[in-house]
Structure formats: structure tokens, C-alpha cells
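K.L.:
A single structure is presented below for examination.
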Amino acid sequence: MMGDQQKRLQMALEAAHMAIWDSRIVAGQVIDGTVSWSAKGATLLGLEERALTQPFRSFLDCVHAGDRDKVVNVLQDGVRRRGGYALQYRVVWPDGSEHWLAAKAQVFVNAGGKADRTLGIIWDITEHMARELMIAERKELAEVTLSSIGDGVITTDPQGKTRYLNRVAEQLTGWSNELAQGLDIGLTMPLADERTGEAREHVAMRCLQQRQAIGISPRSQLVTRDGRRIAVEESAAPIWSRDGHILGAVVVFRDVSHERKLSQELSWQATHDTLTGLINRREFEHLVAGALRTAKQDGHAHALLYLDLDQFKVINDTCGHGAGDMLLQLLAKMLQGRMRDSDILARLGGDELGVLLPHCPLEHARLIGDQLRQSVREFRFAWDERSFELGVSIGIVEISQDSKSMSELLSAADQACYLAKEQGRNRIHIYQESDVMLAQRHGEMLWISRLNEAFVHDYFRLYAMPIVHLRDSPEHHDEVLIRIRNSKGDLILPGAFIPAAERYDMMLSIDRWVIRAVCAHIQSVRDSLPPLAALAESRRRAPALYSVNLSGMSLADAGLHDYITEQFVAFAIAPEQICFEITETAVIANLPKAQVFMRQLKALGCRFSLDDFGSGFSSFGYLKALPVDYLKIDGVFVRDIATNAINRAMVKAINEVGHVMGLETVAEYVEDAATLAVIRELGIDYAQGYAVGSLRPLTAGAD
């Protein structure tokens, strides 16, 4: 009978799912001996639960083929050493399943000193090995994932000491995983503020202190091991244990140098004139508005100057635009050198410059203005062996607590400049309230009589600029443009008379004149063809489409819809032949009325084109609310698209959004073959400009 001690041992082994491993050795060779199994031991081989003694070779047949040599060698080595052994190996059960066993045994020797027996324990470790394998695979997967993702990843311990860097983190920081181990993350991944260059509190330390994830920080720079600075975006999250303790932090960061540079370029381009590098009108107006605020709130006095070059047009006309551009660049550089660091010089238009003099009383502004005038007077511009003298007319206005609005300040400076010109050029004029009437009398009031004369004597002329489909559409499409041919035979462009017409409410009359004239033209073209020819022509291609420009005032005119309908009836016009062009800014200024007006005319069959698209701030948002057919991309973006990557990206984006919204796109100012090639490549539908068609009189009598 089994003794108590043996029973207790057996029970302990069975409780631990272990069995006795007992083998006999023959002539010092394990492989020639036998193995004895307890009943529980036999089940570890997948055999019936009963005590079993078998040749060692039979036992080896149960061992996985890949582990047999290992089993024999380890056991034989234990016998040779007269010691013991431990090993893990796989066995294959009769049903084909694989199981892992672990064994530990001691070697016993006989009276003659020869090893004749091993005795030990054996147990199943299949589940343990599966867990180990899973953990190893997870670790391998994590390491492969971390090393292959495009972001840098660094982990720390709870004190912010570096534990691990992935491959990208090594490349970005200049630290190897090995060298960085145990160093403060502030040393292996130093972060600085992009604007000041000063070190900033590390995102990992904030994460560990606040015990929460920290989102992306803007304007961060990574200082690399060799001292370079890289623009980065970084975030951090705590690593938690199961029982709620922080084990460390993981920092994820990426190189955003390209994106940040592009963003800075876009930001710069939005606020600067690309030719001269000076700030543009929009930014200048923003700064003037800020100066006005401080004047009203704190009683500060500033000055605003408006400069108009006197001989610029002569140089442009005689030497070409290249000379004009060079002159503006040289002048901008020279004038900036004559001003205080706090003074702001801007390019407001072609040859118009603005100067904001912060904290500058009017008398001191007069002195600075006269210095600028004298500098321009002394400036000599040489081009093609010719030398030109320049002059500048300067208007000055004070920005004080009594100033009304930013737009009135700019208008006052403009009027003062105009009076400086009227009084003989190359001089300064300081704005006074009485100047308003004077400017009107000399300038805009003159245009009122000229426009009235144009209506009375029929001096208005219509011209057509083709809008050409870039994929051979049969549609014939023209934009209709208005000019004035005065009694002297001069052709006056809209830029000269439209501002006065807008200010004195004459745009309604001009727009109505154009609508009626276009309808009359369509009727005359139709009536000039014999009936059969007209029928054949209509079958051959779609009727011609005419784009007519409408002002913001007309969009708000309640009676315009009825007037247009009357013209369609009077001249028997198909509404499908008319497309109304409206600017983005005009629509936004009159949005509710514009929506009603557009929907009414769309119901008739008219089409709409949104002009100068991209010049506003909220373009895409407003698009959804407008029943537009065509999107005309602002020529500012198109003009230098062949050489300007940023403008190309803008045009590409506008085109893609337009197409997603079911609109056709038109590129304005397509002036040369290189621009046309880019427009085609981007997939824009129509082009307008001298590369695809020239301006021509709309009717034979127009010129």
C-alpha cells in the first residue's frame, strides 16, 4: 500500500497538474532505456489514463519531430554530467494535436558510479506557451507598427525619462533608441516656441502632471541633437496600468515643416503684394481700422497718406509693364529706407501707395510726406538707356477721435491726393472737410454729366469677349462688356466711369441699357438670317449664350425682374440665351434679395455666373445658397498660374469644389499658351482671355 508521504506527494502533483517522470538508462544511453509513466503522466501524451512503461524510442515517437534531437541531447547531457536537466518540448497526441510539456529531473547513479535512472516531474504548459506566443506576437506587432508608421513616437517612464524611440523619432531627433534610454525627454526631444525660440514646457511632462491626454500644440519646434530646428506638431497621452497607475507617457509627433511653410506663404500672400513685397490694400485697411480704434479709445493721433505716382503711366506705356514692375520694386525699397520702423507702407493699386504713420501728429506727418515727395523727386529711373524723372502727389488725412470710419478715412486721403494732382502734381495736400465738395466738383460730378451725355447721344458701345469651352463644346458663349465712345472718338473703359456711376446711382440705368441692347442684338442676328438658314443654324448648334454683368445695385432693384421679362417678350428672346454675371461681393452684400431675384430668373430659364470667385472670405459657404451655373475663377489666381504653385493650388481647389457642386468653371485672364496649358491640365471647363479669343465689337456698328 502507498505510504502517507507518497499519497501526499501524489495529491500535490495532481493538484499542480504534474506527473512523475521516471526513466531507466541502459549502458549509459538514454535512448536505449525505458520510460515509466504514472496514470496521469500517460494522459500528458494523449494516452489512456493508466500506468505505462514503454521503450524510450516509443516515447520519442510521441515527441514532435522538430524537438526529438533536443530531448535526447538534453537528457544525455544530464546523464553525462551526473546532474539533472530541465527542458520544454512538444508532443503530438494520437489525434494530431500539439501540446507543450515541461520536465525537470535528477540523474541517479548506481553503486558502481554509473548513471542508471532519472527521476523528476513533468507537466503540461500548452496554455502558458500560447500566452507567451501571443505576448511575443503582440510585442512584435507593436514594434513593427511603431517602426513603420510615419509619425515619431517616444515613450517615457512616470518621471519623464526616455524609454523607447521608434525609427522616425530617431531620424527626427538625431538620438538613437540606445543612446536615449533613461535620459529626460526634455533632452532627447527638446521643444521650443516657433515665434520666440524659447524652450517651452514639454508636452510629455504636462501629460504626466495633469494625468490626461494633451492635444496638438501649435507653433512648436523640435531642436534636434545637432541643433537644427524642425517645425512639429506633437501630442501626448498617459499610459495606464490595469490598477490605475500611470506607467509613463507616449508622445506622438510629426514634421510639419512643409505644411507650416505653405501656410505661412499663403498667409503672407493674403496680406502682401507679391510684386513689391509691401502689404496689400486689404491688410492696410485692417491696420488703418486698428489705428482708428486706438484713436477713439485712447485719444492717440495717427496720420494716413495716399501716394499717386505722377509719371508711372508714361513709363508703363513707353517701356512696357516690365519696366513699370521694376520701377515699383525699386521705389518700394527706396521709400521703406526713408521711413521709421513703425511706419507702414502698402501698395493699394497699380501706382497707388498708402502710408500709415502711427502716433504721428499732422504737422510731423506733413514733414515726413514732404521728405517722401522729395525722395521720389530725386529718384532717377533708367531703362534701355533712357532716364526718367518721377513725381508723386500725396494726400494726407489725420486719424483722430473725430474720424468717422475706416472707409471715410481712405476716401478722404484719396480725395486729398486727387486735389494734390489737380493743383499741379508733385505736391502735398492735407485733407479738410471742404475738400469733399471740391473733389466732387472736379472729379465725379464731371462724370455725371459725361454719363448723361452718353445716354442722350448713344455713346455706349457693346463688346464681346469669348468664353471658350476647352473640350470642343459647340456652344457659342460671349461675355458682353460696355465701353463709351465719346464725341472725340476716344474709347473709355468702365474702370473710368463705373465708380462714379455706382456712387451716384446710375448703375441701374446702365445695366438696363445693356440688357435691352443685348436683347436687341440677339433679335437682329436672328432676323438677319433667312428662315431656312436660321432653322438649319439652330439645329446645327445650341443658340448663342450671352453673359451680361449685373451690379450689386441692380441685384437689390425690385423692378429689374419685370424689366428683364418685358425685354424678353418685346424682342422674343429665349431666356436660355442669357446668363447674368454677378460678383461674389455684390451677392453677399445683397444676399436675401439676390437669392429671390436669381430663383425667379432661373425659373424662366436664365443662367447665372458667379464672377471674381475666390476674392471673398466665405466663398464656398455662400455657393450652397445660390442657384449658380458657372463659377468664374478670379483672374488674380489665374494670371501667373504657370509659375505660382500657390495660385495653382487655389485654382485646383476652386475647380474641384465647383465640379463637386455640379457647376461649370471658367478661368479668367488666360493670356498665354503656358497658362492655357495649366488650365486644361486642371480640368477647368472654360477659358476666357487673349489666349483663346480677343475682344471684338458685338455689332458691326459698335465701333
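To be explicit about the labels: the chains of the C-alpha cells are called A, B, and onward in the order shown, and within each one the residues are counted from 1, while ligands get numbers from 1 in the order they are shown.
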I want to know what sits within 8 Å of Arg24 in chain A, based on only C-alpha atoms, with residues of the same chain fewer than 6 positions away left out; could you give that as a list of chain:residue names?

P.N.:
A:Val30, A:Gly33, A:Thr34, A:Val35, A:Asp116, A:Arg117, A:Thr118

K.L.:
Range 242-258 of chain A: which residues within 8 Å, counting only C-alpha atoms, same-chain residues fewer than 2 positions away excluded, as a PyMOL selection string?

P.N.:
chain A and resi 150-160+172+203-204+207-208+211+230-240+260-262

K.L.:
So which residues touch Thr294 in chain A within 12 Å, counting only C-alpha atoms, skipping near sequence neighbours fewer than 5 positions away, as a list in words?

P.N.:
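Once the nearby chain positions are removed, what remains is Leu287, Val288, Ala289, Gly299, His300, Ala301, His302, Pro358, His359, Ile399, Ser400, Gln401 and Ser403 of chain A.
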
K.L.:
Can you list every residue in range 531-637 of chain A that DSSP puts in alpha helix (DSSP H), as an MDAnalysis selection string?

P.N.:
chainID A and resid 531:540 552:555 560:570 584:589 591:604 619:623 635:637

K.L.:
Write the residues of the preceding selection, restricted to C-alpha atoms, as a PDB file, in the first residue's frame.

P.N.:
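Saved the output as selection.pdb:
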ATOM      1  CA  PRO A 531     -35.847  81.485 -92.189  1.00  0.00           C
ATOM      2  CA  LEU A 532     -34.422  78.225 -93.597  1.00  0.00           C
ATOM      3  CA  ALA A 533     -30.844  79.204 -92.737  1.00  0.00           C
ATOM      4  CA  ALA A 534     -31.929  80.154 -89.224  1.00  0.00           C
ATOM      5  CA  LEU A 535     -33.597  76.771 -88.788  1.00  0.00           C
ATOM      6  CA  ALA A 536     -30.505  74.929 -90.070  1.00  0.00           C
ATOM      7  CA  GLU A 537     -28.272  77.005 -87.799  1.00  0.00           C
ATOM      8  CA  SER A 538     -30.414  76.257 -84.731  1.00  0.00           C
ATOM      9  CA  ARG A 539     -30.290  72.543 -85.491  1.00  0.00           C
ATOM     10  CA  ARG A 540     -26.545  72.604 -86.081  1.00  0.00           C
ATOM     11  CA  GLY A 552     -24.939  94.965 -56.771  1.00  0.00           C
ATOM     12  CA  MET A 553     -27.447  97.808 -57.023  1.00  0.00           C
ATOM     13  CA  SER A 554     -29.372  96.020 -59.755  1.00  0.00           C
ATOM     14  CA  LEU A 555     -29.491  92.850 -57.648  1.00  0.00           C
ATOM     15  CA  LEU A 560     -35.444  94.669 -62.510  1.00  0.00           C
ATOM     16  CA  HIS A 561     -37.095  91.248 -62.813  1.00  0.00           C
ATOM     17  CA  ASP A 562     -40.144  92.770 -64.504  1.00  0.00           C
ATOM     18  CA  TYR A 563     -37.942  94.904 -66.784  1.00  0.00           C
ATOM     19  CA  ILE A 564     -35.964  91.833 -67.930  1.00  0.00           C
ATOM     20  CA  THR A 565     -39.174  89.890 -68.580  1.00  0.00           C
ATOM     21  CA  GLU A 566     -40.529  92.809 -70.642  1.00  0.00           C
ATOM     22  CA  GLN A 567     -37.397  92.830 -72.838  1.00  0.00           C
ATOM     23  CA  PHE A 568     -37.629  89.063 -73.378  1.00  0.00           C
ATOM     24  CA  VAL A 569     -41.223  89.483 -74.564  1.00  0.00           C
ATOM     25  CA  ALA A 570     -40.555  92.608 -76.666  1.00  0.00           C
ATOM     26  CA  GLU A 584     -19.286  87.342 -55.250  1.00  0.00           C
ATOM     27  CA  THR A 585     -19.060  90.539 -53.165  1.00  0.00           C
ATOM     28  CA  ALA A 586     -22.241  92.007 -54.727  1.00  0.00           C
ATOM     29  CA  VAL A 587     -24.212  88.826 -53.966  1.00  0.00           C
ATOM     30  CA  ILE A 588     -23.013  88.667 -50.378  1.00  0.00           C
ATOM     31  CA  ALA A 589     -23.895  92.338 -49.830  1.00  0.00           C
ATOM     32  CA  LEU A 591     -27.893  88.081 -50.247  1.00  0.00           C
ATOM     33  CA  PRO A 592     -31.632  87.764 -49.400  1.00  0.00           C
ATOM     34  CA  LYS A 593     -32.781  89.908 -52.380  1.00  0.00           C
ATOM     35  CA  ALA A 594     -30.196  88.295 -54.676  1.00  0.00           C
ATOM     36  CA  GLN A 595     -31.492  84.802 -53.829  1.00  0.00           C
ATOM     37  CA  VAL A 596     -35.090  85.742 -54.670  1.00  0.00           C
ATOM     38  CA  PHE A 597     -34.059  87.536 -57.887  1.00  0.00           C
ATOM     39  CA  MET A 598     -31.871  84.619 -59.038  1.00  0.00           C
ATOM     40  CA  ARG A 599     -34.517  81.981 -58.323  1.00  0.00           C
ATOM     41  CA  GLN A 600     -37.153  83.941 -60.302  1.00  0.00           C
ATOM     42  CA  LEU A 601     -34.915  84.250 -63.373  1.00  0.00           C
ATOM     43  CA  LYS A 602     -33.675  80.658 -63.084  1.00  0.00           C
ATOM     44  CA  ALA A 603     -37.331  79.581 -63.227  1.00  0.00           C
ATOM     45  CA  LEU A 604     -37.587  81.414 -66.586  1.00  0.00           C
ATOM     46  CA  SER A 619     -16.914  81.716 -50.950  1.00  0.00           C
ATOM     47  CA  PHE A 620     -17.689  78.021 -50.592  1.00  0.00           C
ATOM     48  CA  GLY A 621     -20.236  78.608 -47.831  1.00  0.00           C
ATOM     49  CA  TYR A 622     -22.266  81.061 -49.937  1.00  0.00           C
ATOM     50  CA  LEU A 623     -22.142  78.803 -53.005  1.00  0.00           C
ATOM     51  CA  GLY A 635      -8.062  86.325 -62.609  1.00  0.00           C
ATOM     52  CA  VAL A 636      -5.737  87.239 -59.716  1.00  0.00           C
ATOM     53  CA  PHE A 637      -5.212  83.498 -59.172  1.00  0.00           C
TER      54      PHE A 637
END

K.L.:
Excluding Ala365 in chain A and residues on its chain fewer than 2 positions from it, collect all residues at most 9 Å away from it, counting only C-alpha atoms, and give them as a PyMOL selection string.

P.N.:
chain A and resi 302-305+357+360-363+367-370+396+398

K.L.:
Using only C-alpha atoms, determine which residues lie at most 12 Å from range 329-336 of chain A, disregarding the query and same-chain residues fewer than 5 positions distant; provide the list as a ChimeraX atom specification.

P.N.:
/A:273-279,307,309,312,322-324,341-347,351-355,368-369,371-382,390-392

K.L.:
For the residues in that selection, give me C-alpha atoms as a CSV table (one decimal), in the first residue's frame.

P.N.:
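Result saved to out.csv:
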chain,number,residue,atom,x,y,z
A,273,ASP,CA,1.5,92.4,-52.8
A,274,THR,CA,3.6,89.8,-54.5
A,275,LEU,CA,5.4,92.2,-56.8
A,276,THR,CA,6.8,94.7,-54.3
A,277,GLY,CA,6.6,92.7,-51.0
A,278,LEU,CA,4.6,95.5,-49.5
A,279,ILE,CA,1.4,94.8,-47.6
A,307,LEU,CA,0.5,108.5,-52.7
A,309,LEU,CA,3.0,108.4,-58.9
A,312,PHE,CA,4.1,105.9,-63.9
A,322,GLY,CA,8.3,95.0,-67.2
A,323,ALA,CA,9.7,98.5,-66.6
A,324,GLY,CA,6.7,99.5,-64.6
A,341,ASP,CA,10.4,101.2,-38.5
A,342,SER,CA,7.0,101.7,-37.1
A,343,ASP,CA,5.7,103.3,-40.3
A,344,ILE,CA,3.7,101.1,-42.7
A,345,LEU,CA,4.0,101.3,-46.5
A,346,ALA,CA,1.4,99.5,-48.6
A,347,ARG,CA,0.6,99.1,-52.3
A,351,ASP,CA,0.7,103.0,-59.0
A,352,GLU,CA,-1.0,104.0,-55.7
A,353,LEU,CA,0.7,103.6,-52.4
A,354,GLY,CA,-0.5,104.1,-48.8
A,355,VAL,CA,1.4,105.1,-45.7
A,368,ILE,CA,7.5,113.0,-43.5
A,369,GLY,CA,5.2,113.4,-46.5
A,371,GLN,CA,10.6,114.0,-47.3
A,372,LEU,CA,8.9,111.1,-49.3
A,373,ARG,CA,7.9,113.5,-52.0
A,374,GLN,CA,11.4,114.9,-52.3
A,375,SER,CA,12.9,111.3,-52.3
A,376,VAL,CA,10.7,110.4,-55.2
A,377,ARG,CA,11.6,113.7,-57.0
A,378,GLU,CA,15.3,113.0,-56.7
A,379,PHE,CA,14.9,109.3,-57.8
A,380,ARG,CA,16.1,108.6,-61.3
A,381,PHE,CA,14.8,105.6,-63.2
A,382,ALA,CA,16.9,104.2,-66.0
A,390,LEU,CA,9.2,111.0,-61.3
A,391,GLY,CA,6.8,112.9,-59.2
A,392,VAL,CA,4.3,111.9,-56.6

K.L.:
Given the choices A:Ile467, A:Asn280, A:Ser97, A:Ala416, which gets closest to Trp268 in chain A if the distance is worked out from only C-alpha atoms?

P.N.:
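With only C-alpha atoms as the atom set, the closest residue is A:Asn280.
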
K.L.:
Running DSSP on the backbone, which parts of range 111-225 of chain A land in strand (DSSP E), as a count of residues only?

P.N.:
26

K.L.:
Restricting the calculation to only C-alpha atoms, which member of A:Asp629, A:Asp478, A:Asp22, A:Asp226 is positioned closest to Ser694 in chain A?

P.N.:
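Among A:Asp629, A:Asp478, A:Asp22, A:Asp226, it is A:Asp478 that comes nearest to Ser694 in chain A.
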
K.L.:
Quote the spacing between CA of Gln221 in chain A and CA of Thr196 in chain A in Å to one decimal place.

P.N.:
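Here the two named atoms are 10.5 Å from each other.
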
K.L.:
Given the choices A:Ala649, A:Ala673, A:Ala19, A:Ala556, which gets closest to Gly120 in chain A if the distance is worked out from only C-alpha atoms?

P.N.:
A:Ala19

K.L.:
Do a neighbour search on Gln688 in chain A at 7 Å with only C-alpha atoms, toss out local chain neighbours closer than 5 positions, and write the hits as a list of chain:residue names.

P.N.:
A:Pro466, A:Ile467, A:Val468, A:Ala667, A:Glu668, A:Tyr669, A:Val670

K.L.:
Can I get the selected residues back with N, CA, C and O atoms, as a PDB file, in the first residue's frame?

P.N.:
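Heads up, here's the output in part_31.pdb:
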ATOM      1  N   PRO A 466     -15.008  86.283 -75.932  1.00  0.00           N
ATOM      2  CA  PRO A 466     -15.455  84.877 -75.965  1.00  0.00           C
ATOM      3  C   PRO A 466     -15.091  84.098 -74.701  1.00  0.00           C
ATOM      4  O   PRO A 466     -14.034  84.315 -74.100  1.00  0.00           O
ATOM      5  N   ILE A 467     -16.009  83.214 -74.313  1.00  0.00           N
ATOM      6  CA  ILE A 467     -15.774  82.252 -73.227  1.00  0.00           C
ATOM      7  C   ILE A 467     -15.739  80.886 -73.909  1.00  0.00           C
ATOM      8  O   ILE A 467     -16.761  80.388 -74.373  1.00  0.00           O
ATOM      9  N   VAL A 468     -14.538  80.308 -74.022  1.00  0.00           N
ATOM     10  CA  VAL A 468     -14.317  79.152 -74.902  1.00  0.00           C
ATOM     11  C   VAL A 468     -14.291  77.857 -74.105  1.00  0.00           C
ATOM     12  O   VAL A 468     -13.546  77.734 -73.114  1.00  0.00           O
ATOM     13  N   ALA A 667     -12.042  80.029 -66.258  1.00  0.00           N
ATOM     14  CA  ALA A 667     -10.822  80.719 -65.824  1.00  0.00           C
ATOM     15  C   ALA A 667     -10.709  82.033 -66.587  1.00  0.00           C
ATOM     16  O   ALA A 667     -10.727  82.044 -67.814  1.00  0.00           O
ATOM     17  N   GLU A 668     -10.617  83.148 -65.851  1.00  0.00           N
ATOM     18  CA  GLU A 668     -10.452  84.461 -66.478  1.00  0.00           C
ATOM     19  C   GLU A 668      -8.964  84.778 -66.647  1.00  0.00           C
ATOM     20  O   GLU A 668      -8.116  84.171 -66.017  1.00  0.00           O
ATOM     21  N   TYR A 669      -8.679  85.752 -67.516  1.00  0.00           N
ATOM     22  CA  TYR A 669      -7.312  86.247 -67.737  1.00  0.00           C
ATOM     23  C   TYR A 669      -6.352  85.135 -68.180  1.00  0.00           C
ATOM     24  O   TYR A 669      -5.231  85.046 -67.693  1.00  0.00           O
ATOM     25  N   VAL A 670      -6.813  84.286 -69.092  1.00  0.00           N
ATOM     26  CA  VAL A 670      -5.923  83.274 -69.676  1.00  0.00           C
ATOM     27  C   VAL A 670      -5.222  83.965 -70.840  1.00  0.00           C
ATOM     28  O   VAL A 670      -5.739  84.007 -71.957  1.00  0.00           O
TER      29      VAL A 670
END

K.L.:
By how many Å are CA of Tyr89 in chain A and CA of Val71 in chain A apart?

P.N.:
7.3 Å

K.L.:
For a test of reading the model, state the distance in Å between CA of Gly78 in chain A and CA of Arg50 in chain A, rounded to one decimal.

P.N.:
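Going from CA of Gly78 in chain A over to CA of Arg50 in chain A, I get 28.0 Å.
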